[in-house]
Amino acid sequence: MSRLSYACDENMVGERMIKFAKELYPCNRSIMGPDIRSGLKKFIEANPSFIPIKYRTGENVFDWEIPKEWIIREAYIEDQSGLKIAEFSKNNLHLVGYSTSIDERISKNDLLKKIHTLPEMPDAIPYVTSYYKKDWGFCLAHNELSKLTEDNYKVYIDSEHKPGELWVLEAVIPGIYKEEIFFSSYLCHPSMANNELSGPVLLNEIVNYVKAIKNRKYTFRFVILPETIGSIAYLSRRTKLLKKNMICGFNLSCVGDERSYSHVKSRLGNNLADKALRAALIGLENVNEYNFLERGSDERQYCAPGIDLPVCTFCRSKFGTYPEYHTSKDDFDLVTSNGLLGSFDVLRNIINSFELGIYPCVQVLGEPQLGKRGLWPTSSKLNRGKQHSKIRIDLLAYCDSVHNIFEIAELIKVDLKTVINELKILNNAGLVDLKDNVSR
Amino acid sequence: MSRLSYACDENMVGERMIKFAKELYPCNRSIMGPDIRSGLKKFIEANPSFIPIKYRTGENVFDWEIPKEWIIREAYIEDQSGLKIAEFSKNNLHLVGYSTSIDERISKNDLLKKIHTLPEMPDAIPYVTSYYKKDWGFCLAHNELSKLTEDNYKVYIDSEHKPGELWVLEAVIPGIYKEEIFFSSYLCHPSMANNELSGPVLLNEIVNYVKAIKNRKYTFRFVILPETIGSIAYLSRRTKLLKKNMICGFNLSCVGDERSYSHVKSRLGNNLADKALRAALIGLENVNEYNFLERGSDERQYCAPGIDLPVCTFCRSKFGTYPEYHTSKDDFDLVTSNGLLGSFDVLRNIINSFELGIYPCVQVLGEPQLGKRGLWPTSSKLNRGKQHSKIRIDLLAYCDSVHNIFEIAELIKVDLKTVINELKILNNAGLVDLKDNVSR
Amino acid sequence: MSRLSYACDENMVGERMIKFAKELYPCNRSIMGPDIRSGLKKFIEANPSFIPIKYRTGENVFDWEIPKEWIIREAYIEDQSGLKIAEFSKNNLHLVGYSTSIDERISKNDLLKKIHTLPEMPDAIPYVTSYYKKDWGFCLAHNELSKLTEDNYKVYIDSEHKPGELWVLEAVIPGIYKEEIFFSSYLCHPSMANNELSGPVLLNEIVNYVKAIKNRKYTFRFVILPETIGSIAYLSRRTKLLKKNMICGFNLSCVGDERSYSHVKSRLGNNLADKALRAALIGLENVNEYNFLERGSDERQYCAPGIDLPVCTFCRSKFGTYPEYHTSKDDFDLVTSNGLLGSFDVLRNIINSFELGIYPCVQVLGEPQLGKRGLWPTSSKLNRGKQHSKIRIDLLAYCDSVHNIFEIAELIKVDLKTVINELKILNNAGLVDLKDNVSR
C-alpha cells in the first residue's frame, strides 16, 4: 500500500494488541452492566472513532427483548470455619453469569447441584451463564470439589438485575465509495483471552490500519457488541443500510492463538467474504474450513435467512474446538502476540486487495513480452519452491477482468500477499489495470 | 398430518398389503390377456377410484403397436411313460411368456434348445418371455434337467394370440391444486412377488392414504399398467396433460423386500422427484443411488427425451441386483409386510411434505428466541445422537423460502420425518410459514 | 463418412507422415531464417492450400516485435590438434539457437560456462535457445565433457542476425458454413521429431483428410507457425475473424509417440474443444488431462485473456513430461507411424462428429421399438464387453437435441467412434436427426 502511513513494525503492533488485551482481561464482562460498559469505554478512549449505539432494557429487537443489566458485587461459598471457596473476587469465572442473589446456608448435596466442574480438565474453572433463565450457580475446578467436606455451607451472592442499556460500539471510516467492508467482534465474556479479547483488540488494530490508508477507496464499518443479543440488536437498526452497501464482512472470534487458521463459511458458503478469506489463508499451515452447520458466533445472525449479508467468520482455533475454550485456561499462555499478528496479517491482505482493486485486467493481448520490460524474473523461488516466473505468467493468464483477486489466488494456488505484490509490479509497469467493479 | 383420517395402524397396513399380494400371486399375468385383466379387476374392486383406459390390438402408441392378447390353456412336456414335466398348471413360470402353440414329439436335443435353466441357482425356475418374436419355450429348475433321460418327448402348448385389449388402470384423486403428484407401477409378470406385486399393492395402499387426506392440496394421479408397452401406451394419450401438471412422480418397482432402499435417478438426475426421494432415504440403512444408465423399469419411458417428466424410480433391492430376481424364488420369503411398510413410510413422508408445504420460510429476522416460546428443546437426542436443539436451529437457518424441504433435509443431514415434525411445531408456533410455490 | 473420398489405408497414411517427417528432420529450423523458410516451403509443395502470411522484422505484433532472422553457416569448438568438437554441421543441436558470431581462443574454464549438458541423461545433447538475449553457447552430451582436456580452445561461430521475414502458413478449406474448426501446430525447432515434426506432419495429413470430405459443412482453418512469436503474430492479424467464426480449435504438439494421450485444457477448461477432445479420448489407454496451469505451447496465446478462443492442446506424451523432450533423443525411435496414426484417429473422430451433426435428436417419443426395424442388436459386444444393445439404448436416451455428441459420449461412457457409427445407423433408419446448431 503506497497510500499507507500505518507504522508497520509488526512486533510493535503485536505487543500493542497483547497489552490492550491484558489491560481488559480482569474485568467481569457480561452482555450488559457496568463492567462491560467500562470495557467498551476503553475502546472509545483508545479509538475515538467508536460511537456507542444504545438499546434500553425492554426494547424489542427482532424476535428478542433487551434484558436487564446485571450488577454483581460479591459472591462466595463459605464453610463453617469462615473459609471462602469459589470467591468471585478471586476469579470472576467462579460465578455463573447473570446469577441471582442468595444468602443462605444449604446442605452440601443441594450445593453440589449448583456447582459446575470439568472432570476431564480438573484444574480448570469452566465458564457458564444463565442469561435468560433466572438461576444462580458456581463454577469450580474439579480438583477443588474434594475440599467440600462439611455438611452444609453458606452461599452468598450479592447481585442485582435492573433496567439499563445494552451498548454496541460502531466505527465508520469513510472512503470514496459508499460500498463497505465490515468487521464485527464481540465483548461479553469475563476473564478469557481467546474467546473474548482477541477479537475486539484485533478489530481495534484493524481500525487503526484502515484509518492510516490515504485516499481510502472503500468505506469500512466496525462493530464491537455482546454476542447474539448485540448483533441482533444492531441488525434490528442497520439491516437495510448494510444490505445496501456491504460487499464483504468478517466476524472475528478466537483470533489470538497460534495453532491454526479457521474459516467458518457463510450459510451458502461462497460469498465474496468466503472467497476473500479462503484466498487469504492459502499457504498458511493448519487451515480448517468449517461448514455453516458448525457455526456458533455472530455469523448465525449476519447470515440468517432474510439478513443474508456477505459475511463469514474468521478464527485461529475455532470456538469449541480447543481444550481451553470456555474455561479459566483460556488465558495469555494461549493468546500471544504472534497469534494475533497472524490474524492481523490475514485481514490486512484482504483489505489491501480491496484497496488495490480486486478485478485485474491485463492490458495487452496474447502473453506479454516480460523480458523487454525487465519483468522476466530470474530464478528466485517465491512460493514454496514455485518459480517466480511461473507465478507471474500464471497470474497474468487469469487477469481477465472477470475473475477477482481471491478467485485468481485459488486458481493459481498462490498466496494472496504474493498475488498483491505481483499485481502492484505489473500495474506499475502498465501491464495490468485494477478495476473495482463498484457502482459509483 | 392433522388433516388425515387414514388409520395408521402400521401392522394392519402391512398385513393388508401382503394379503392382497398373496391373493393376486397365483394368476398367470402377462402384458395382455384374460389373466392380467382379472388381476386389474381385483384392483378396481379394492379401489373403485381406478378406471381402465383401453387400447385395442393394432393401435399405434408412439413408436409401438399394441400386440395381440395371449391366451394359454395348458402346457407341458411329457415323457413316454406319460409323466408330465414343466407343467404350466403347476407353476406358470414353466412356460416362456407369449409362447405359440405346439403339439409335437421332438428329440431330446431339440427340446434342450428350447429349455431355459439357471445353472448358478439350480433349484429356481427362471422367468423368460418372448413378446415380440413368435417362439415357444419352457423354463426348468436346472436340477430337473437330469430327469430328462429319454430320447424324445412330447411337447404340448395350447395357446392362442388374438386381437384384444391392453388395459391401463388410472386413478385421479383431485386436490385444491391442479398440480399433480404421480405414482406408477406395473402388473404384467406371472407368479413373482417383489418384481411384480409389491409395486401395485403398495401403490394401491398409497391411494387409500391419499384419499384419507382431508382438504388435500395436490391432485394425485396413479397408474397400474404393463411395463414398457403399458407406459408407452399411457404416455401416448397423456403426455401433454402430464407435462403441464405433474411436479413430481415416482415409478415403484421391487418395493417389498427388507434388504435395502434404492433410488434410480432420472435422466438428468436432479429433478424434484430425485430430491424428494433422496431426502426421504436419509437416515435409512443400505441406501443405494443408481445412475440413469442403470435404469430398467418405466423410468425409461417417463424420462425419455421429449417426455422428460419429473419422475424417478423407487425400489427396495433394485431389479436385477438381487439373486431371486426373475425366478420362482421371488416369493413371500423375500417380500414381507415389514418390507412393504418400509416403502410405504418413504412415500408417506414425501406426500406429507408436499401437503405440509415444501417451501418453509422463517417469520422473524435473525435467530428466533426459542426459549420464550418454550421451543428450546431439552437435551433429548432425535437423530442418531444429534441434539434436538441443534436440529431445530439448523432447520430454522435454512427456512429461507428458497430451499425446499427436501434440499434442507440434505443440507442439514436430518431425516425427512424429523424435518416434517419440526416444521409442524415451528409452524404452529407461528415461527415458520410453509409455502407451496404452485400456480393457482 | 459416406461423403469422404479420402483413401483410408491407415498404414499408408502413417507411413506418409513418417516419410515426410524424416525428410524435414535434418534441417536447422529456428523461429526465423532460411532454414525454417525452406521447411515451410516443403509444406506448400506438399499441400498448395498453404499460403504464407509474412511479418517483417521490427513489425509490432501485440506486445512483441518480430525479431531478426538468424543465419548460421558454421560452428564448432576446436582443440590444439585441429580436432573439432560440438560441430554444428554434425548435429544442429550442438549450437545454442540464435547464437551470435565468435572466433576466439578462450580458456577451458570460460568455455565450460558456455556449454550446456544433461548430467542425468549423459549421452543426449540438450536443446537450448537464446532468442531474445544476445549470447552464444554450445550443447554437448555430458559424456563428451571429459574429452575437453586442454587448457584452451578455439571457439568458432559464423552466424548473422539480419532483418527478414517471419512466415506463418495458413490454409483455409471452405465449407458450407462460415463456422470454422481450427488446427494449429508449430515449426521452429531443429532436428527433433516429437516436439517439432509430429505436429505439422499430422496437421498436413488432416488438411488432406478434410479436403477429401465432399459437401463439407464446416470451414476448416489450419496454421503452421513458429511457437509463441508465430501465434502472437498470427493472432495480431486474425483475432477478430477467429473470434467471430471459430467454434472449436486444437493446438497440436508432441503427437507422434505411442506412450499416452494428453489433453491440456483451455484456460476455463470446458469449452467445445475440451469436450470434443475429452470424448475422443474415451476408451484409449494412458489418457492424461492437464490443467491450464500445466500449459506450455500455443494454447498460452489462443486462450489468453481477451483472445479466449475455444482451443485446447492435444498431445500424445505432453511436452516436458517425457525424458527425450528437448534433447537429441527426441528422434524416430520415439516418433512412429503408429503413434502419429493414433493421433490422426483422434482428430478424425472429432471432425467426423462435426460433419455428421453434433446435436442428435431422437425422432420418436418414448423408447423406440428397435426390433421392428431390425435394430435390436444380437449379443455382440462393442465396447470393452458392454453389450451393443445397451450402448444403443443408452445413446438413444440422450439424443435430446440439447446434449452434443461429445457430452453424450461422456455421459454414456462410450468411445466417440462407436457413438458416431451408432448415430449413422440410427440416422439412416430415420430414428435420429442430427442438427448442427450453427447460424447460417
# chains A, B, ... in the order shown; residues from 1 in each chain; ligands from 1

$ interface_residues --of "chain C" --to "chain A" --cutoff "9 Å" --atoms "only C-alpha atoms" --output "list in words"
Phe62, Asp63, Trp64, Tyr132, Lys133, Thr228, Ser231, Ile232, Leu235, Ser236, Arg267, Phe292, Leu293, Arg300, Gln301, Tyr302, Cys303, Ala304, Pro305, Gly306 and Ile307 of chain C

$ select_by_dssp --residues "segment 247-340 of chain A" --states "helix (DSSP H, G or I)" --output "PDB file with N, CA, C and O atoms, in the first residue's frame"
ATOM      1  N   LEU A 272     -18.527 -13.272  -1.308  1.00  0.00           N
ATOM      2  CA  LEU A 272     -17.235 -12.625  -1.531  1.00  0.00           C
ATOM      3  C   LEU A 272     -16.345 -12.727  -0.297  1.00  0.00           C
ATOM      4  O   LEU A 272     -15.118 -12.858  -0.413  1.00  0.00           O
ATOM      5  N   ALA A 273     -16.937 -12.706   0.895  1.00  0.00           N
ATOM      6  CA  ALA A 273     -16.131 -12.844   2.118  1.00  0.00           C
ATOM      7  C   ALA A 273     -15.540 -14.247   2.201  1.00  0.00           C
ATOM      8  O   ALA A 273     -14.377 -14.416   2.583  1.00  0.00           O
ATOM      9  N   ASP A 274     -16.330 -15.252   1.848  1.00  0.00           N
ATOM     10  CA  ASP A 274     -15.794 -16.621   1.835  1.00  0.00           C
ATOM     11  C   ASP A 274     -14.609 -16.726   0.880  1.00  0.00           C
ATOM     12  O   ASP A 274     -13.581 -17.325   1.194  1.00  0.00           O
ATOM     13  N   LYS A 275     -14.785 -16.148  -0.316  1.00  0.00           N
ATOM     14  CA  LYS A 275     -13.709 -16.218  -1.308  1.00  0.00           C
ATOM     15  C   LYS A 275     -12.464 -15.474  -0.822  1.00  0.00           C
ATOM     16  O   LYS A 275     -11.339 -15.935  -1.006  1.00  0.00           O
ATOM     17  N   ALA A 276     -12.696 -14.287  -0.226  1.00  0.00           N
ATOM     18  CA  ALA A 276     -11.567 -13.487   0.236  1.00  0.00           C
ATOM     19  C   ALA A 276     -10.806 -14.222   1.334  1.00  0.00           C
ATOM     20  O   ALA A 276      -9.568 -14.295   1.311  1.00  0.00           O
ATOM     21  N   LEU A 277     -11.538 -14.782   2.286  1.00  0.00           N
ATOM     22  CA  LEU A 277     -10.869 -15.448   3.398  1.00  0.00           C
ATOM     23  C   LEU A 277     -10.154 -16.713   2.918  1.00  0.00           C
ATOM     24  O   LEU A 277      -9.019 -16.983   3.320  1.00  0.00           O
ATOM     25  N   ARG A 278     -10.816 -17.451   2.026  1.00  0.00           N
ATOM     26  CA  ARG A 278     -10.180 -18.669   1.512  1.00  0.00           C
ATOM     27  C   ARG A 278      -8.849 -18.320   0.841  1.00  0.00           C
ATOM     28  O   ARG A 278      -7.839 -18.991   1.053  1.00  0.00           O
ATOM     29  N   ALA A 279      -8.865 -17.240   0.061  1.00  0.00           N
ATOM     30  CA  ALA A 279      -7.634 -16.816  -0.621  1.00  0.00           C
ATOM     31  C   ALA A 279      -6.580 -16.374   0.381  1.00  0.00           C
ATOM     32  O   ALA A 279      -5.394 -16.684   0.242  1.00  0.00           O
ATOM     33  N   ALA A 280      -7.023 -15.655   1.410  1.00  0.00           N
ATOM     34  CA  ALA A 280      -6.061 -15.103   2.370  1.00  0.00           C
ATOM     35  C   ALA A 280      -5.426 -16.198   3.216  1.00  0.00           C
ATOM     36  O   ALA A 280      -4.403 -15.973   3.857  1.00  0.00           O
ATOM     37  N   PHE A 292     -21.328 -24.184   7.514  1.00  0.00           N
ATOM     38  CA  PHE A 292     -22.214 -23.344   8.327  1.00  0.00           C
ATOM     39  C   PHE A 292     -22.899 -24.152   9.436  1.00  0.00           C
ATOM     40  O   PHE A 292     -23.306 -23.583  10.451  1.00  0.00           O
ATOM     41  N   LEU A 293     -23.038 -25.455   9.231  1.00  0.00           N
ATOM     42  CA  LEU A 293     -23.641 -26.279  10.292  1.00  0.00           C
ATOM     43  C   LEU A 293     -22.766 -26.282  11.547  1.00  0.00           C
ATOM     44  O   LEU A 293     -23.227 -26.624  12.627  1.00  0.00           O
ATOM     45  N   GLU A 294     -21.503 -25.902  11.411  1.00  0.00           N
ATOM     46  CA  GLU A 294     -20.595 -25.874  12.559  1.00  0.00           C
ATOM     47  C   GLU A 294     -20.420 -24.448  13.076  1.00  0.00           C
ATOM     48  O   GLU A 294     -19.469 -24.168  13.804  1.00  0.00           O
ATOM     49  N   GLU A 299     -21.916 -15.048  12.973  1.00  0.00           N
ATOM     50  CA  GLU A 299     -22.330 -15.414  11.620  1.00  0.00           C
ATOM     51  C   GLU A 299     -23.746 -15.989  11.653  1.00  0.00           C
ATOM     52  O   GLU A 299     -24.453 -15.945  10.645  1.00  0.00           O
ATOM     53  N   ARG A 300     -24.164 -16.529  12.803  1.00  0.00           N
ATOM     54  CA  ARG A 300     -25.539 -17.012  12.944  1.00  0.00           C
ATOM     55  C   ARG A 300     -26.546 -15.896  12.622  1.00  0.00           C
ATOM     56  O   ARG A 300     -27.580 -16.157  12.008  1.00  0.00           O
ATOM     57  N   GLN A 301     -26.252 -14.691  13.051  1.00  0.00           N
ATOM     58  CA  GLN A 301     -27.173 -13.585  12.800  1.00  0.00           C
ATOM     59  C   GLN A 301     -26.941 -12.952  11.415  1.00  0.00           C
ATOM     60  O   GLN A 301     -27.882 -12.681  10.683  1.00  0.00           O
ATOM     61  N   TYR A 302     -25.681 -12.707  11.090  1.00  0.00           N
ATOM     62  CA  TYR A 302     -25.391 -11.997   9.832  1.00  0.00           C
ATOM     63  C   TYR A 302     -25.821 -12.808   8.618  1.00  0.00           C
ATOM     64  O   TYR A 302     -26.100 -12.247   7.559  1.00  0.00           O
ATOM     65  N   SER A 337       1.153 -12.559  21.081  1.00  0.00           N
ATOM     66  CA  SER A 337       1.402 -11.502  20.107  1.00  0.00           C
ATOM     67  C   SER A 337       1.499 -12.090  18.696  1.00  0.00           C
ATOM     68  O   SER A 337       0.906 -11.577  17.746  1.00  0.00           O
ATOM     69  N   ASN A 338       2.211 -13.200  18.578  1.00  0.00           N
ATOM     70  CA  ASN A 338       2.342 -13.848  17.265  1.00  0.00           C
ATOM     71  C   ASN A 338       1.011 -14.351  16.725  1.00  0.00           C
ATOM     72  O   ASN A 338       0.736 -14.266  15.535  1.00  0.00           O
ATOM     73  N   GLY A 339       0.215 -14.897  17.616  1.00  0.00           N
ATOM     74  CA  GLY A 339      -1.095 -15.386  17.197  1.00  0.00           C
ATOM     75  C   GLY A 339      -1.953 -14.262  16.660  1.00  0.00           C
ATOM     76  O   GLY A 339      -2.545 -14.353  15.575  1.00  0.00           O
ATOM     77  N   LEU A 340      -2.006 -13.164  17.384  1.00  0.00           N
ATOM     78  CA  LEU A 340      -2.801 -12.010  16.944  1.00  0.00           C
ATOM     79  C   LEU A 340      -2.255 -11.429  15.647  1.00  0.00           C
ATOM     80  O   LEU A 340      -3.002 -11.041  14.750  1.00  0.00           O
TER      81      LEU A 340
END

$ select_by_dssp --residues "segment 11-106 of chain A" --states "strand (DSSP E)" --output "ChimeraX atom specification"
/A:51-56,60-61,64-65,69-78,84-85,102-106

$ residues_around --residues "Lys42 of chain A" --least-positions-apart "4" --cutoff "12 Å" --atoms "only C-alpha atoms" --output "ChimeraX atom specification"
/A:20-21,23-25,27,35-38,46-48,50-52,169,187,200-201,204,224

$ residues_around --residues "Lys68 of chain A" --least-positions-apart "4" --cutoff "12 Å" --atoms "only C-alpha atoms" --output "PyMOL selection string"
chain A and resi 30-34+55-59+98+100+131-132+134+160-166

$ write_last_selection --atoms "N, CA and C atoms" --output "short mmCIF file (atom, residue, chain, number, x, y, z; two decimals), in the first residue's frame"
data_model
loop_
_atom_site.label_atom_id
_atom_site.label_comp_id
_atom_site.auth_asym_id
_atom_site.auth_seq_id
_atom_site.Cartn_x
_atom_site.Cartn_y
_atom_site.Cartn_z
N SER A 30 -20.02 -9.04 30.95
CA SER A 30 -21.17 -9.89 30.63
C SER A 30 -21.89 -9.16 29.49
N ILE A 31 -23.11 -9.60 29.11
CA ILE A 31 -23.71 -8.93 27.95
C ILE A 31 -24.13 -7.50 28.25
N MET A 32 -24.49 -7.23 29.54
CA MET A 32 -24.87 -5.87 29.93
C MET A 32 -24.39 -5.62 31.35
N GLY A 33 -24.30 -4.35 31.68
CA GLY A 33 -23.93 -3.99 33.04
C GLY A 33 -22.73 -3.08 33.07
N PRO A 34 -22.36 -2.58 34.23
CA PRO A 34 -21.29 -1.59 34.33
C PRO A 34 -19.93 -2.12 33.88
N TYR A 55 -29.32 0.61 23.50
CA TYR A 55 -30.61 -0.08 23.46
C TYR A 55 -31.07 -0.23 24.89
N ARG A 56 -32.30 0.20 25.17
CA ARG A 56 -32.79 0.18 26.56
C ARG A 56 -33.39 -1.17 26.91
N THR A 57 -33.21 -1.58 28.15
CA THR A 57 -33.85 -2.79 28.67
C THR A 57 -35.34 -2.78 28.29
N GLY A 58 -35.80 -3.89 27.75
CA GLY A 58 -37.22 -4.00 27.38
C GLY A 58 -37.48 -3.68 25.93
N GLU A 59 -36.51 -3.07 25.27
CA GLU A 59 -36.70 -2.73 23.85
C GLU A 59 -36.73 -4.02 23.01
N TYR A 98 -24.93 -13.82 35.26
CA TYR A 98 -26.31 -13.38 35.47
C TYR A 98 -26.98 -14.08 36.65
N THR A 100 -28.64 -14.82 40.16
CA THR A 100 -29.49 -14.04 41.07
C THR A 100 -28.86 -14.01 42.46
N TYR A 131 -28.34 -16.45 31.06
CA TYR A 131 -28.87 -15.12 30.73
C TYR A 131 -30.40 -15.07 30.78
N TYR A 132 -31.06 -16.11 30.26
CA TYR A 132 -32.49 -15.96 30.02
C TYR A 132 -33.35 -16.81 30.95
N LYS A 134 -33.81 -17.35 35.17
CA LYS A 134 -33.37 -16.83 36.48
C LYS A 134 -32.82 -17.98 37.30
N GLU A 160 -27.70 -8.01 41.33
CA GLU A 160 -28.91 -7.23 41.08
C GLU A 160 -29.18 -7.25 39.58
N HIS A 161 -30.43 -7.32 39.19
CA HIS A 161 -30.81 -7.20 37.78
C HIS A 161 -31.69 -5.97 37.67
N LYS A 162 -31.28 -5.00 36.91
CA LYS A 162 -32.10 -3.79 36.86
C LYS A 162 -32.07 -3.20 35.45
N PRO A 163 -33.10 -2.44 35.13
CA PRO A 163 -33.17 -1.87 33.77
C PRO A 163 -31.93 -1.05 33.48
N GLY A 164 -31.52 -1.08 32.23
CA GLY A 164 -30.33 -0.32 31.86
C GLY A 164 -30.17 -0.28 30.36
N GLU A 165 -28.95 -0.35 29.93
CA GLU A 165 -28.68 -0.17 28.50
C GLU A 165 -27.73 -1.25 27.97
N LEU A 166 -28.01 -1.69 26.78
CA LEU A 166 -27.05 -2.52 26.05
C LEU A 166 -26.34 -1.61 25.07
#

$ atom_distance --atom1 "atom CA of Gly320 of chain C" --atom2 "atom CA of Thr336 of chain C"
18.9 Å

$ atom_distance --atom1 "atom CA of Asn194 of chain A" --atom2 "atom CA of Ile72 of chain A"
23.7 Å

$ residues_around --residues "Thr129 of chain B" --least-positions-apart "3" --cutoff "10 Å" --atoms "only C-alpha atoms" --output "ChimeraX atom specification"
/B:30,93,95-99,132-133,135-138,189

$ closest_residue --among "A:Lys178, A:Lys240, A:Arg29, A:Lys84" --to "Arg221 of chain A" --atoms "only C-alpha atoms"
A:Lys178

$ residues_around --residues "Arg295 of chain C" --least-positions-apart "3" --cutoff "9 Å" --atoms "only C-alpha atoms" --output "list in words"
Val264, Lys265, Ser266, Tyr290, Asn291, Phe292, Asp298, Glu299, Arg300 and Thr313 of chain C

$ write_last_selection --atoms "C-alpha atoms" --output "short mmCIF file (atom, residue, chain, number, x, y, z; two decimals), in the first residue's frame"
data_model
loop_
_atom_site.label_atom_id
_atom_site.label_comp_id
_atom_site.auth_asym_id
_atom_site.auth_seq_id
_atom_site.Cartn_x
_atom_site.Cartn_y
_atom_site.Cartn_z
CA VAL C 264 -4.04 -29.74 -21.97
CA LYS C 265 -7.25 -27.97 -21.06
CA SER C 266 -8.19 -24.45 -22.07
CA TYR C 290 -3.72 -31.43 -17.68
CA ASN C 291 -4.89 -28.20 -16.12
CA PHE C 292 -4.15 -24.89 -17.87
CA ASP C 298 0.40 -22.12 -28.20
CA GLU C 299 -2.72 -22.65 -26.04
CA ARG C 300 -0.96 -19.94 -24.00
CA THR C 313 -3.99 -28.62 -26.86
#

$ residues_around --residues "Gln80 of chain B" --least-positions-apart "3" --cutoff "9 Å" --atoms "only C-alpha atoms" --output "PyMOL selection string"
chain B and resi 83+150+152-154

$ atom_distance --atom1 "atom CA of Thr149 of chain A" --atom2 "atom CA of Ile115 of chain A"
14.6 Å
